[in-house]
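Engineer: Following this line is run12.pdb, made up of PDB, C-alpha atoms:
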ATOM      1  CA  MET I 180     -16.542  63.845 -43.831  1.00  0.00           C
ATOM      2  CA  GLY I 181     -13.992  65.101 -46.296  1.00  0.00           C
ATOM      3  CA  GLN I 182     -16.049  68.117 -47.347  1.00  0.00           C
ATOM      4  CA  VAL I 183     -14.540  71.586 -47.301  1.00  0.00           C
ATOM      5  CA  CYS I 184     -16.443  74.421 -45.691  1.00  0.00           C
ATOM      6  CA  PRO I 185     -19.175  75.509 -46.136  1.00  0.00           C
ATOM      7  CA  PHE I 186     -20.448  72.153 -47.416  1.00  0.00           C
ATOM      8  CA  PRO I 187     -20.948  70.478 -43.991  1.00  0.00           C
ATOM      9  CA  LEU I 188     -23.281  73.360 -43.081  1.00  0.00           C
ATOM     10  CA  VAL I 189     -25.043  73.279 -46.463  1.00  0.00           C
ATOM     11  CA  GLU I 190     -25.622  69.524 -46.108  1.00  0.00           C
ATOM     12  CA  ALA I 191     -26.839  69.942 -42.502  1.00  0.00           C
ATOM     13  CA  LYS I 192     -29.399  72.543 -43.588  1.00  0.00           C
ATOM     14  CA  ARG I 193     -30.628  70.246 -46.339  1.00  0.00           C
ATOM     15  CA  ALA I 194     -30.783  67.205 -44.063  1.00  0.00           C
ATOM     16  CA  ILE I 195     -32.656  68.920 -41.218  1.00  0.00           C
ATOM     17  CA  GLU I 196     -35.453  69.852 -43.610  1.00  0.00           C
ATOM     18  CA  GLN I 197     -36.090  66.124 -44.101  1.00  0.00           C
ATOM     19  CA  ILE I 198     -36.696  65.281 -40.436  1.00  0.00           C
ATOM     20  CA  ASP I 199     -39.546  66.026 -38.043  1.00  0.00           C
ATOM     21  CA  ARG I 200     -39.496  68.595 -35.270  1.00  0.00           C
ATOM     22  CA  GLY I 201     -37.943  67.038 -32.160  1.00  0.00           C
ATOM     23  CA  ASP I 202     -35.875  64.541 -34.168  1.00  0.00           C
ATOM     24  CA  ARG I 203     -32.096  64.658 -34.013  1.00  0.00           C
ATOM     25  CA  LEU I 204     -29.524  64.991 -36.757  1.00  0.00           C
ATOM     26  CA  GLN I 205     -25.952  63.817 -36.170  1.00  0.00           C
ATOM     27  CA  ILE I 206     -23.368  65.710 -38.219  1.00  0.00           C
ATOM     28  CA  ASP I 207     -19.864  64.272 -38.443  1.00  0.00           C
ATOM     29  CA  PHE I 208     -17.290  66.521 -40.083  1.00  0.00           C
ATOM     30  CA  ASP I 209     -13.617  67.353 -40.395  1.00  0.00           C
ATOM     31  CA  CYS I 210     -13.854  71.009 -41.417  1.00  0.00           C
ATOM     32  CA  THR I 211     -12.549  73.270 -38.647  1.00  0.00           C
ATOM     33  CA  GLN I 212     -14.730  76.253 -39.613  1.00  0.00           C
ATOM     34  CA  ALA I 213     -17.874  74.169 -39.101  1.00  0.00           C
ATOM     35  CA  THR I 214     -17.108  73.960 -35.371  1.00  0.00           C
ATOM     36  CA  ASP I 215     -18.348  77.558 -35.245  1.00  0.00           C
ATOM     37  CA  SER I 216     -20.738  77.765 -38.195  1.00  0.00           C
ATOM     38  CA  ILE I 217     -22.921  74.741 -37.410  1.00  0.00           C
ATOM     39  CA  PRO I 218     -23.700  75.692 -33.759  1.00  0.00           C
ATOM     40  CA  ALA I 219     -24.288  79.318 -34.811  1.00  0.00           C
ATOM     41  CA  TRP I 220     -26.682  78.230 -37.570  1.00  0.00           C
ATOM     42  CA  ALA I 221     -28.507  75.834 -35.219  1.00  0.00           C
ATOM     43  CA  ALA I 222     -29.052  78.569 -32.620  1.00  0.00           C
ATOM     44  CA  SER I 223     -30.225  81.124 -35.180  1.00  0.00           C
ATOM     45  CA  ALA I 224     -32.602  78.594 -36.762  1.00  0.00           C
ATOM     46  CA  GLY I 225     -34.165  77.613 -33.422  1.00  0.00           C
ATOM     47  CA  HIS I 226     -32.539  74.184 -33.130  1.00  0.00           C
ATOM     48  CA  ASP I 227     -30.713  72.838 -30.084  1.00  0.00           C
ATOM     49  CA  VAL I 228     -27.203  71.395 -30.093  1.00  0.00           C
ATOM     50  CA  THR I 229     -27.603  68.398 -27.798  1.00  0.00           C
ATOM     51  CA  GLU I 230     -24.090  67.009 -28.197  1.00  0.00           C
ATOM     52  CA  PHE I 231     -20.789  68.370 -29.503  1.00  0.00           C
ATOM     53  CA  ARG I 232     -17.768  66.076 -29.352  1.00  0.00           C
ATOM     54  CA  GLN I 233     -14.270  66.183 -30.755  1.00  0.00           C
ATOM     55  CA  LEU I 234     -13.583  62.661 -31.990  1.00  0.00           C
ATOM     56  CA  ASP I 235      -9.885  63.150 -32.734  1.00  0.00           C
ATOM     57  CA  ALA I 236      -7.447  65.906 -33.662  1.00  0.00           C
ATOM     58  CA  ALA I 237      -9.442  67.008 -36.717  1.00  0.00           C
ATOM     59  CA  THR I 238     -12.864  65.313 -36.527  1.00  0.00           C
ATOM     60  CA  TRP I 239     -16.013  66.417 -34.712  1.00  0.00           C
ATOM     61  CA  SER I 240     -19.580  65.236 -34.205  1.00  0.00           C
ATOM     62  CA  ILE I 241     -22.492  67.551 -33.478  1.00  0.00           C
ATOM     63  CA  THR I 242     -26.035  66.396 -32.771  1.00  0.00           C
ATOM     64  CA  VAL I 243     -28.758  68.943 -33.490  1.00  0.00           C
ATOM     65  CA  GLN I 244     -32.356  68.542 -32.319  1.00  0.00           C
ATOM     66  CA  LYS I 245     -34.793  70.159 -34.721  1.00  0.00           C
ATOM     67  CA  GLY I 246     -36.778  72.922 -33.090  1.00  0.00           C
TER      68      GLY I 246
END
Please, can you express the file's structure as structure tokens?

Structural biologist:
Amino acid sequence: MGQVCPFPLVEAKRAIEQIDRGDRLQIDFDCTQATDSIPAWAASAGHDVTEFRQLDAATWSITVQKG
């Protein structure tokens, strides 16, 4: 939260390296551009977006399952 783009994506890439295949990573962010960049990265990297919610007017939560 509070990070400007592309830092939510950079942090997500770093964090997913630390978990095992099949585990899930929840990413909470308030950077509008990440609503596109995080799902696109997950798909291209072979991960699944299992949940994508808008929490309020400018906050989202995406859960990515490591593939």

Engineer: Have a look at I:Asp199, I:Gln182, I:Val243, I:Ala237 and name the one nearest to I:Ala222; count only C-alpha atoms.

Structural biologist: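 Checking each candidate against I:Ala222, we get I:Val243 as the closest.
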
Engineer: Starting from the point (-17.7, 63.1, -46.2), work out which residues of protein, DNA or RNA have an atom no more than 9 Å away when counting all atoms listed in the file; state them as an MDAnalysis selection string.

Structural biologist: chainID I and resid 180:182 187 207:209

Engineer: When you count only C-alpha atoms, which of these residues is closest to I:His226: I:Gly246, I:Ala213, I:Gln197, I:Trp239?

Structural biologist: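 Selected residue with least distance to I:His226: I:Gly246.
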
Engineer: Go through the shown structure with the PyMOL selection byres ((chain I and resi 225) around 12) and write out the matching residues as JSON, numbers by chain.

Structural biologist: {"I": [195, 200, 201, 218, 219, 220, 221, 222, 223, 224, 226, 227, 228, 243, 244, 245, 246]}

Engineer: When you draw a straight line from atom CA of I:Ile206 to atom CA of I:Thr242, how long is it in Å?

Structural biologist: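 Going from atom CA of I:Ile206 over to atom CA of I:Thr242, I get 6.1 Å.
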
Engineer: Interatomic distance between atom CA of I:Thr214 and atom CA of I:Ile198?

Structural biologist: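 Between atom CA of I:Thr214 and atom CA of I:Ile198 the gap is 22.0 Å.
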